[in-house]
$ cat protein-v8.txt   # compact mmCIF, C-alpha atoms and all ligand atoms
# COMPACT_ATOMS: atom_id res chain seq x y z
CA MET A 1 0.00 0.00 0.00
CA THR A 2 1.18 3.49 -0.85
CA THR A 3 0.46 6.56 1.25
CA VAL A 4 -0.27 10.03 -0.09
CA LEU A 5 3.21 11.11 0.95
CA GLU A 6 4.91 8.20 -0.79
CA ALA A 7 2.85 8.65 -3.94
CA LEU A 8 3.73 12.34 -4.06
CA LYS A 9 7.43 11.66 -3.62
CA ALA A 10 7.48 9.06 -6.36
CA ALA A 11 5.54 11.31 -8.75
CA GLU A 12 7.76 14.28 -8.00
CA GLN A 13 10.74 12.16 -8.97
CA ARG A 14 9.12 11.09 -12.23
CA LEU A 15 8.14 14.64 -13.09
CA LYS A 16 11.55 16.17 -12.47
CA GLU A 17 11.76 17.44 -16.06
CA VAL A 18 8.58 19.55 -15.76
CA PRO A 19 8.83 23.11 -14.40
CA ASP A 20 7.15 22.52 -11.02
CA PRO A 21 7.24 18.81 -10.18
CA ARG A 22 6.04 18.86 -6.58
CA LEU A 23 3.14 21.19 -7.18
CA ASP A 24 1.99 19.29 -10.25
CA ALA A 25 2.24 15.99 -8.34
CA GLU A 26 0.01 17.51 -5.66
CA TRP A 27 -2.58 18.93 -8.06
CA LEU A 28 -2.87 15.63 -9.89
CA LEU A 29 -3.25 13.55 -6.74
CA SER A 30 -5.83 15.88 -5.23
CA GLU A 31 -7.75 15.55 -8.51
CA VAL A 32 -7.68 11.75 -8.23
CA LEU A 33 -8.73 11.81 -4.58
CA GLY A 34 -11.44 14.38 -5.20
CA VAL A 35 -10.30 16.61 -2.32
CA SER A 36 -8.59 19.98 -2.10
CA ARG A 37 -4.79 20.09 -2.04
CA LEU A 38 -4.93 21.39 1.51
CA GLU A 39 -7.16 18.59 2.72
CA MET A 40 -4.94 16.04 1.01
CA LEU A 41 -1.81 17.49 2.59
CA LEU A 42 -3.41 17.33 6.01
CA ASN A 43 -3.88 13.58 5.54
CA LYS A 44 -0.50 12.57 4.16
CA ARG A 45 -0.56 9.15 5.77
CA ARG A 46 -3.83 8.16 4.13
CA GLU A 47 -3.40 5.08 1.96
CA LEU A 48 -4.37 5.00 -1.69
CA ASN A 49 -6.56 2.13 -2.83
CA GLN A 50 -5.76 0.27 -6.05
CA GLY A 51 -8.14 2.28 -8.17
CA GLU A 52 -6.65 5.54 -6.94
CA GLU A 53 -3.12 4.31 -7.55
CA ALA A 54 -3.97 3.32 -11.11
CA ALA A 55 -5.76 6.59 -11.79
CA TYR A 56 -2.84 8.58 -10.40
CA GLU A 57 -0.37 6.59 -12.45
CA ALA A 58 -2.34 7.46 -15.60
CA LEU A 59 -2.38 11.19 -14.86
CA VAL A 60 1.30 11.32 -13.89
CA ALA A 61 2.19 9.53 -17.12
CA ARG A 62 0.33 12.18 -19.14
CA ARG A 63 2.09 14.96 -17.31
CA GLU A 64 5.44 13.23 -17.72
CA ALA A 65 4.75 13.30 -21.48
CA ARG A 66 4.43 17.10 -21.04
CA GLU A 67 0.69 17.41 -21.53
CA PRO A 68 -0.15 20.76 -19.90
CA LEU A 69 -1.41 20.46 -16.33
CA GLN A 70 -4.53 22.47 -17.18
CA TYR A 71 -5.48 20.11 -20.00
CA ILE A 72 -5.21 17.17 -17.60
CA LEU A 73 -7.14 18.88 -14.79
CA GLY A 74 -9.59 20.36 -17.28
CA SER A 75 -9.84 23.84 -15.81
CA GLN A 76 -8.02 27.10 -15.21
CA SER A 77 -8.97 30.19 -13.28
CA PHE A 78 -9.20 33.49 -15.18
CA MET A 79 -10.28 36.74 -13.48
CA GLY A 80 -11.58 34.56 -10.64
CA PHE A 81 -13.77 32.43 -12.94
CA SER A 82 -13.18 28.74 -13.48
CA LEU A 83 -12.90 27.99 -17.18
CA LYS A 84 -12.87 24.64 -18.90
CA THR A 85 -9.60 23.89 -20.70
CA ASP A 86 -8.76 21.30 -23.30
CA LYS A 87 -6.81 20.99 -26.50
CA ARG A 88 -9.42 22.84 -28.53
CA ALA A 89 -7.95 26.20 -27.44
CA LEU A 90 -5.06 27.98 -25.78
CA ILE A 91 -5.07 27.77 -21.97
CA PRO A 92 -6.09 31.15 -20.47
CA ARG A 93 -2.98 32.85 -19.06
CA ASN A 94 -2.80 34.99 -15.96
CA ASP A 95 -0.85 37.50 -18.08
CA THR A 96 -4.01 38.04 -20.10
CA GLU A 97 -5.80 39.34 -17.01
CA ALA A 98 -3.88 42.60 -17.55
CA LEU A 99 -5.56 42.89 -20.95
CA CYS A 100 -8.97 42.14 -19.47
CA GLU A 101 -8.50 44.77 -16.77
CA GLU A 102 -7.40 47.40 -19.26
CA ALA A 103 -10.42 46.74 -21.49
CA LEU A 104 -12.78 46.86 -18.50
CA LYS A 105 -11.70 50.45 -17.80
CA TYR A 106 -13.52 51.48 -20.97
CA ILE A 107 -16.53 49.18 -20.76
CA ARG A 108 -19.79 50.53 -19.33
CA PRO A 109 -23.30 49.10 -19.40
CA GLY A 110 -24.65 49.49 -22.92
CA CYS A 111 -21.18 49.29 -24.52
CA LYS A 112 -20.66 47.04 -27.49
CA VAL A 113 -17.57 44.91 -27.04
CA LEU A 114 -15.83 42.70 -29.58
CA ASP A 115 -13.35 39.97 -28.66
CA LEU A 116 -11.32 38.82 -31.67
CA CYS A 117 -9.60 35.40 -31.58
CA THR A 118 -11.56 34.49 -28.48
CA GLY A 119 -10.10 30.97 -28.17
CA SER A 120 -11.42 29.47 -24.92
CA GLY A 121 -13.76 32.47 -24.61
CA ALA A 122 -11.99 33.62 -21.44
CA LEU A 123 -11.94 37.34 -22.25
CA ALA A 124 -15.45 37.51 -23.68
CA ALA A 125 -17.03 35.55 -20.84
CA ALA A 126 -15.12 37.35 -18.07
CA ILE A 127 -15.99 40.76 -19.53
CA LYS A 128 -19.67 39.87 -19.75
CA LYS A 129 -19.63 38.59 -16.15
CA LEU A 130 -17.85 41.69 -14.86
CA CYS A 131 -19.95 44.13 -16.86
CA PRO A 132 -23.28 42.36 -17.47
CA GLY A 133 -24.75 45.45 -19.14
CA ALA A 134 -22.26 45.23 -22.01
CA GLU A 135 -23.14 43.57 -25.31
CA VAL A 136 -20.34 41.13 -26.04
CA THR A 137 -19.55 39.51 -29.39
CA ALA A 138 -16.64 37.13 -29.89
CA THR A 139 -15.11 35.67 -33.04
CA ASP A 140 -12.65 32.92 -33.80
CA ILE A 141 -11.65 31.15 -36.98
CA SER A 142 -11.48 27.79 -35.20
CA GLU A 143 -14.75 25.93 -34.86
CA ALA A 144 -13.15 23.76 -32.15
CA ALA A 145 -12.16 26.81 -30.11
CA LEU A 146 -15.62 28.30 -30.51
CA SER A 147 -17.28 25.15 -29.23
CA LEU A 148 -15.15 25.37 -26.08
CA ALA A 149 -15.84 29.11 -25.80
CA ARG A 150 -19.59 28.44 -25.96
CA GLU A 151 -19.27 25.82 -23.22
CA ASN A 152 -17.34 28.29 -21.08
CA ALA A 153 -19.85 31.08 -21.54
CA GLU A 154 -22.64 28.68 -20.63
CA ARG A 155 -20.70 27.37 -17.63
CA LEU A 156 -20.36 30.92 -16.30
CA GLY A 157 -23.84 32.00 -17.31
CA ALA A 158 -22.40 34.71 -19.57
CA GLU A 159 -24.47 35.72 -22.54
CA VAL A 160 -22.00 36.19 -25.40
CA ARG A 161 -22.68 36.17 -29.14
CA PHE A 162 -20.15 33.87 -30.82
CA VAL A 163 -19.50 34.11 -34.52
CA ARG A 164 -17.14 31.97 -36.54
CA GLY A 165 -14.81 33.75 -38.91
CA ASP A 166 -11.44 35.24 -39.66
CA LEU A 167 -11.04 38.38 -37.49
CA PHE A 168 -13.68 40.94 -38.59
CA SER A 169 -14.86 39.04 -41.68
CA PRO A 170 -18.17 37.78 -40.22
CA LEU A 171 -19.12 41.19 -38.82
CA ALA A 172 -20.07 43.26 -41.88
CA GLY A 173 -20.66 46.86 -40.86
CA ASP A 174 -20.96 46.38 -37.09
CA LYS A 175 -19.31 49.10 -35.01
CA CYS A 176 -18.40 48.79 -31.37
CA ASP A 177 -17.00 50.75 -28.43
CA VAL A 178 -14.22 48.41 -27.40
CA ILE A 179 -12.23 45.80 -29.30
CA VAL A 180 -10.16 43.40 -27.26
CA SER A 181 -7.90 40.71 -28.67
CA ASN A 182 -5.22 38.24 -27.69
CA PRO A 183 -4.30 37.13 -31.20
CA PRO A 184 -1.57 34.66 -32.13
CA TYR A 185 1.76 36.52 -31.91
CA ILE A 186 4.65 34.08 -31.78
CA PRO A 187 7.10 34.24 -34.70
CA GLU A 188 6.96 31.14 -36.86
CA SER A 189 10.71 30.61 -36.38
CA LEU A 190 10.07 29.64 -32.74
CA ARG A 191 7.87 26.71 -33.72
CA GLY A 192 9.41 23.56 -32.25
CA ARG A 193 11.50 25.61 -29.82
CA LEU A 194 8.85 26.61 -27.27
CA GLN A 195 8.31 25.04 -23.87
CA ALA A 196 7.11 21.46 -24.41
CA GLU A 197 3.70 22.24 -22.88
CA VAL A 198 3.10 25.24 -25.15
CA GLU A 199 3.85 23.09 -28.18
CA ARG A 200 0.88 20.91 -27.17
CA GLU A 201 -1.49 23.87 -27.52
CA PRO A 202 -3.10 24.62 -30.90
CA ALA A 203 -0.52 26.05 -33.32
CA LEU A 204 -3.32 28.09 -34.87
CA ALA A 205 -3.59 30.04 -31.61
CA LEU A 206 0.14 30.70 -31.31
CA PHE A 207 1.98 31.44 -34.54
CA ALA A 208 1.71 34.62 -36.56
CA GLY A 209 4.05 34.69 -39.52
CA ALA A 210 7.76 35.44 -39.73
CA ASP A 211 7.74 38.35 -37.27
CA GLY A 212 4.68 37.46 -35.19
CA LEU A 213 2.95 40.68 -36.26
CA VAL A 214 0.60 39.41 -38.96
CA PHE A 215 -2.56 39.82 -36.87
CA TYR A 216 -1.59 43.22 -35.48
CA ARG A 217 -1.12 44.51 -39.04
CA ARG A 218 -4.54 43.26 -40.05
CA ILE A 219 -6.23 44.48 -36.89
CA ALA A 220 -4.61 47.94 -37.16
CA LYS A 221 -5.93 48.21 -40.71
CA GLU A 222 -9.40 46.78 -40.19
CA ALA A 223 -10.30 47.94 -36.66
CA PRO A 224 -11.05 51.60 -37.54
CA ALA A 225 -14.02 50.52 -39.68
CA HIS A 226 -15.44 48.58 -36.72
CA LEU A 227 -14.88 51.10 -33.92
CA LEU A 228 -16.98 54.11 -33.05
CA PRO A 229 -15.05 57.42 -32.97
CA GLY A 230 -13.04 57.46 -29.74
CA GLY A 231 -13.50 53.70 -29.37
CA ARG A 232 -10.81 51.64 -27.65
CA LEU A 233 -8.56 48.94 -29.03
CA CYS A 234 -6.82 46.73 -26.44
CA LEU A 235 -4.34 44.11 -27.63
CA GLU A 236 -2.17 41.57 -25.88
CA ILE A 237 1.41 41.61 -27.16
CA GLY A 238 4.38 39.28 -26.88
CA ASP A 239 7.96 39.80 -25.87
CA GLY A 240 9.44 42.96 -27.40
CA GLN A 241 6.51 43.73 -29.70
CA GLY A 242 5.39 46.99 -28.04
CA ASP A 243 7.15 49.46 -30.33
CA ALA A 244 6.23 47.60 -33.51
CA VAL A 245 2.56 47.44 -32.55
CA LYS A 246 2.51 51.09 -31.48
CA ALA A 247 3.99 52.03 -34.86
CA LEU A 248 1.18 50.20 -36.63
CA LEU A 249 -1.42 52.26 -34.77
CA TYR A 250 -0.02 55.81 -35.08
CA GLU A 251 -1.95 56.75 -38.17
CA GLU A 252 -5.49 56.07 -36.97
CA PHE A 253 -5.17 55.98 -33.18
CA ILE A 254 -4.27 58.32 -30.34
CA ASP A 255 -3.46 57.84 -26.65
CA ILE A 256 -1.39 54.75 -27.50
CA GLN A 257 -0.09 53.12 -24.33
CA VAL A 258 1.98 50.05 -23.61
CA LEU A 259 1.04 48.50 -20.25
CA ASN A 260 2.75 45.86 -18.14
CA ASP A 261 1.39 42.61 -16.78
CA LEU A 262 1.72 41.55 -13.13
CA ASN A 263 5.24 40.32 -13.80
CA GLY A 264 6.21 43.82 -14.93
CA LEU A 265 6.53 42.80 -18.59
CA PRO A 266 5.01 44.86 -21.42
CA ARG A 267 1.89 42.87 -22.27
CA VAL A 268 -0.86 45.18 -23.52
CA VAL A 269 -1.17 47.92 -26.12
CA SER A 270 -4.19 50.16 -25.62
CA ALA A 271 -5.25 52.95 -27.97
CA ALA A 272 -8.23 55.13 -28.87
CA LEU A 273 -9.50 55.61 -32.41
CA LYS A 274 -9.12 59.23 -33.52
CA GLU A 275 -12.37 61.16 -33.54
CA GLU A 276 -13.81 61.56 -37.02
CA LYS A 277 -11.54 63.52 -39.28
CA ARG A 278 -12.86 67.02 -39.94
CA LEU A 279 -12.93 67.92 -43.61
N1 LIG B 301 1.16 34.04 -24.24
C1 LIG B 301 1.26 32.86 -25.02
C2 LIG B 301 2.62 32.22 -24.81
O1 LIG B 301 3.53 32.88 -24.44
C3 LIG B 301 1.04 33.12 -26.49
C4 LIG B 301 -0.33 33.55 -26.71
C5 LIG B 301 -0.56 34.09 -28.05
O2 LIG B 301 0.14 33.84 -29.05
N2 LIG B 301 -1.56 34.88 -28.12
O3 LIG B 301 2.77 31.04 -24.99

$ encode --input "protein-v8.txt" --output "structure tokens" --more "lines below"
Ligand code: GLN
Amino acid sequence: MTTVLEALKAAEQRLKEVPDPRLDAEWLLSEVLGVSRLEMLLNKRRELNQGEEAAYEALVARREAREPLQYILGSQSFMGFSLKTDKRALIPRNDTEALCEEALKYIRPGCKVLDLCTGSGALAAAIKKLCPGAEVTATDISEAALSLARENAERLGAEVRFVRGDLFSPLAGDKCDVIVSNPPYIPESLRGRLQAEVEREPALALFAGADGLVFYRRIAKEAPAHLLPGGRLCLEIGDGQGDAVKALLYEEFIDIQVLNDLNGLPRVVSAALKEEKRL
């Protein structure tokens, strides 16, 4: 018979290649036992039955093969909401909460909000929950991602309109107050060189051409037709992309700011569409 403590030690050893072996071992075992981590750690001498041992073995093997922890556990917290996660979409990142918070500064009841490349639906659903009076539309080109996003919105009881399509293409002449987007932004050259877990997430959600800026170029060009005068554009950016994205926005936008995430890294570009040009 194996105790909780022994099982954790053995799993930690097997997971030594993953970034946080002990913590992952604990999360996976508490999932198998159906108790909180704290409760499990308070009962370290409890013995696992055969079924639990086998179930734990299966989960540890998946993690050892570098499947992301959140795909195995099936959920991730975003803005305090528990979202379902699986391989249909990118796992919501805590970094993206900085983008959500920036967008929320400009969202009031009655505002029309558009979330481009919604993926798991994290931004759209969290915004609708935190400002229920807003009218939220979300698009994604991936049908798989949209099905997960719909499940997430339903799970949170957030009424979001989901539309399948490439960026603005399904939206015709709709104009909104705030556009928010965490588009793919990793340069193609990094494919195959990312953290093993990230490589297990959908490539469609990650890579954006040779310089990673493909979607920012398109959004900078197409957003003005979909924003009301003075409307806000809030974008997540990757490492070192702040200046390039700012440069793309100078012509049509004002008040262009680059904001940091909680780790102090530049993570968000926020800008307002110029008021209508006077002739
Ligand atoms: N933040 C993600 C990462 O670093 C990338 C997300 C994206 O491309 N939008 O893996």

$ residues_near_ligand --input "protein-v8.txt" --ligand "ligand LIG 301 (chain B)" --cutoff "8 Å" --atoms "all atoms listed in the file" --output "count of residues only"
18

$ closest_residue --input "protein-v8.txt" --among "A:Arg62, A:Lys16, A:Arg22, A:Lys112" --to "Val160 in chain A" --atoms "all atoms listed in the file"
A:Lys112

$ atom_distance --input "protein-v8.txt" --atom1 "CA of Lys87 in chain A" --atom2 "CA of Ser75 in chain A"
11.5 Å

$ residues_around --input "protein-v8.txt" --residues "Ala55 in chain A" --least-positions-apart "6" --cutoff "12 Å" --atoms "all atoms listed in the file" --output "PyMOL selection string"
chain A and resi 7+28-34+48-49+61-62

$ atom_distance --input "protein-v8.txt" --atom1 "CA of Phe215 in chain A" --atom2 "CA of Asp177 in chain A"
20.0 Å

$ atom_distance --input "protein-v8.txt" --atom1 "CA of Ala223 in chain A" --atom2 "CA of Ile179 in chain A"
7.9 Å

$ residues_around --input "protein-v8.txt" --residues "Ala225 in chain A" --least-positions-apart "6" --cutoff "10 Å" --atoms "all atoms listed in the file" --output "list in words"
Phe168, Ala172, Gly173, Asp174, Lys175, Cys176 and Leu273 of chain A

$ closest_residue --input "protein-v8.txt" --among "A:Val268, A:Pro229, A:Asn263, A:Glu201" --to "Lys246 in chain A" --atoms "only C-alpha atoms"
A:Val268

$ residues_near_point --input "protein-v8.txt" --point "(-6.0, 17.0, -4.9)" --cutoff "12 Å" --atoms "only C-alpha atoms" --output "PyMOL selection string"
chain A and resi 4+8+23-44+52+56+73

$ closest_residue --input "protein-v8.txt" --among "A:Ala272, A:Ala149, A:Ala126, A:Leu99" --to "Leu235 in chain A" --atoms "only C-alpha atoms"
A:Leu99

$ residues_around --input "protein-v8.txt" --residues "Lys274 in chain A" --least-positions-apart "4" --cutoff "12 Å" --atoms "all atoms listed in the file" --output "PyMOL selection string"
chain A and resi 223-225+227-233+249-256+278

$ write_last_selection --input "protein-v8.txt" --atoms "C-alpha atoms" --output "compact mmCIF listing (two decimals), in the coordinates of the input"
# COMPACT_ATOMS: atom_id res chain seq x y z
CA ALA A 223 -10.30 47.94 -36.66
CA PRO A 224 -11.05 51.60 -37.54
CA ALA A 225 -14.02 50.52 -39.68
CA LEU A 227 -14.88 51.10 -33.92
CA LEU A 228 -16.98 54.11 -33.05
CA PRO A 229 -15.05 57.42 -32.97
CA GLY A 230 -13.04 57.46 -29.74
CA GLY A 231 -13.50 53.70 -29.37
CA ARG A 232 -10.81 51.64 -27.65
CA LEU A 233 -8.56 48.94 -29.03
CA LEU A 249 -1.42 52.26 -34.77
CA TYR A 250 -0.02 55.81 -35.08
CA GLU A 251 -1.95 56.75 -38.17
CA GLU A 252 -5.49 56.07 -36.97
CA PHE A 253 -5.17 55.98 -33.18
CA ILE A 254 -4.27 58.32 -30.34
CA ASP A 255 -3.46 57.84 -26.65
CA ILE A 256 -1.39 54.75 -27.50
CA ARG A 278 -12.86 67.02 -39.94

$ residues_near_point --input "protein-v8.txt" --point "(-10.8, 41.1, -36.5)" --cutoff "7 Å" --atoms "all atoms listed in the file" --output "ChimeraX atom specification"
/A:116,166-169,219,222-223

$ write_last_selection --input "protein-v8.txt" --atoms "C-alpha atoms" --output "PDB file, in the frame of the given file"
ATOM      1  CA  LEU A 116     -11.320  38.820 -31.670  1.00  0.00           C
ATOM      2  CA  ASP A 166     -11.440  35.240 -39.660  1.00  0.00           C
ATOM      3  CA  LEU A 167     -11.040  38.380 -37.490  1.00  0.00           C
ATOM      4  CA  PHE A 168     -13.680  40.940 -38.590  1.00  0.00           C
ATOM      5  CA  SER A 169     -14.860  39.040 -41.680  1.00  0.00           C
ATOM      6  CA  ILE A 219      -6.230  44.480 -36.890  1.00  0.00           C
ATOM      7  CA  GLU A 222      -9.400  46.780 -40.190  1.00  0.00           C
ATOM      8  CA  ALA A 223     -10.300  47.940 -36.660  1.00  0.00           C
TER       9      ALA A 223
END

$ closest_residue --input "protein-v8.txt" --among "A:Arg191, A:Arg66, A:His226, A:Arg45" --to "Leu171 in chain A" --atoms "all atoms listed in the file"
A:His226

$ build_atoms --input "protein-v8.txt" --residues "range 202-214 of chain A" --atoms "N, CA, C and O atoms" --output "mmCIF file, in the frame of the given file"
data_model
loop_
_atom_site.group_PDB
_atom_site.id
_atom_site.type_symbol
_atom_site.label_atom_id
_atom_site.label_comp_id
_atom_site.auth_asym_id
_atom_site.auth_seq_id
_atom_site.Cartn_x
_atom_site.Cartn_y
_atom_site.Cartn_z
ATOM 1 N N PRO A 202 -2.871 24.510 -29.462
ATOM 2 C CA PRO A 202 -3.100 24.620 -30.900
ATOM 3 C C PRO A 202 -2.169 25.629 -31.572
ATOM 4 O O PRO A 202 -2.106 26.787 -31.156
ATOM 5 N N ALA A 203 -1.461 25.179 -32.598
ATOM 6 C CA ALA A 203 -0.520 26.050 -33.320
ATOM 7 C C ALA A 203 -1.261 27.256 -33.894
ATOM 8 O O ALA A 203 -0.726 28.368 -33.936
ATOM 9 N N LEU A 204 -2.500 27.023 -34.289
ATOM 10 C CA LEU A 204 -3.320 28.090 -34.870
ATOM 11 C C LEU A 204 -3.464 29.282 -33.913
ATOM 12 O O LEU A 204 -3.630 30.424 -34.344
ATOM 13 N N ALA A 205 -3.403 28.988 -32.613
ATOM 14 C CA ALA A 205 -3.590 30.040 -31.610
ATOM 15 C C ALA A 205 -2.274 30.734 -31.257
ATOM 16 O O ALA A 205 -2.264 31.732 -30.533
ATOM 17 N N LEU A 206 -1.162 30.208 -31.760
ATOM 18 C CA LEU A 206 0.140 30.700 -31.310
ATOM 19 C C LEU A 206 0.917 31.472 -32.370
ATOM 20 O O LEU A 206 1.452 32.544 -32.104
ATOM 21 N N PHE A 207 1.003 30.921 -33.577
ATOM 22 C CA PHE A 207 1.980 31.440 -34.540
ATOM 23 C C PHE A 207 1.386 32.462 -35.484
ATOM 24 O O PHE A 207 0.246 32.339 -35.922
ATOM 25 N N ALA A 208 2.201 33.495 -35.777
ATOM 26 C CA ALA A 208 1.710 34.620 -36.560
ATOM 27 C C ALA A 208 2.763 35.132 -37.530
ATOM 28 O O ALA A 208 3.250 36.257 -37.415
ATOM 29 N N GLY A 209 3.144 34.274 -38.456
ATOM 30 C CA GLY A 209 4.050 34.690 -39.520
ATOM 31 C C GLY A 209 5.477 34.909 -39.052
ATOM 32 O O GLY A 209 5.810 34.700 -37.884
ATOM 33 N N ALA A 210 6.319 35.357 -39.992
ATOM 34 C CA ALA A 210 7.760 35.440 -39.730
ATOM 35 C C ALA A 210 8.091 36.313 -38.521
ATOM 36 O O ALA A 210 8.955 35.980 -37.728
ATOM 37 N N ASP A 211 7.393 37.445 -38.366
ATOM 38 C CA ASP A 211 7.740 38.350 -37.270
ATOM 39 C C ASP A 211 6.705 38.357 -36.138
ATOM 40 O O ASP A 211 6.845 39.124 -35.185
ATOM 41 N N GLY A 212 5.689 37.526 -36.250
ATOM 42 C CA GLY A 212 4.680 37.460 -35.190
ATOM 43 C C GLY A 212 3.678 38.609 -35.221
ATOM 44 O O GLY A 212 2.836 38.738 -34.331
ATOM 45 N N LEU A 213 3.772 39.451 -36.254
ATOM 46 C CA LEU A 213 2.950 40.680 -36.260
ATOM 47 C C LEU A 213 1.781 40.641 -37.243
ATOM 48 O O LEU A 213 1.049 41.629 -37.369
ATOM 49 N N VAL A 214 1.629 39.517 -37.912
ATOM 50 C CA VAL A 214 0.600 39.410 -38.960
ATOM 51 C C VAL A 214 -0.764 39.898 -38.494
ATOM 52 O O VAL A 214 -1.437 40.685 -39.176
#
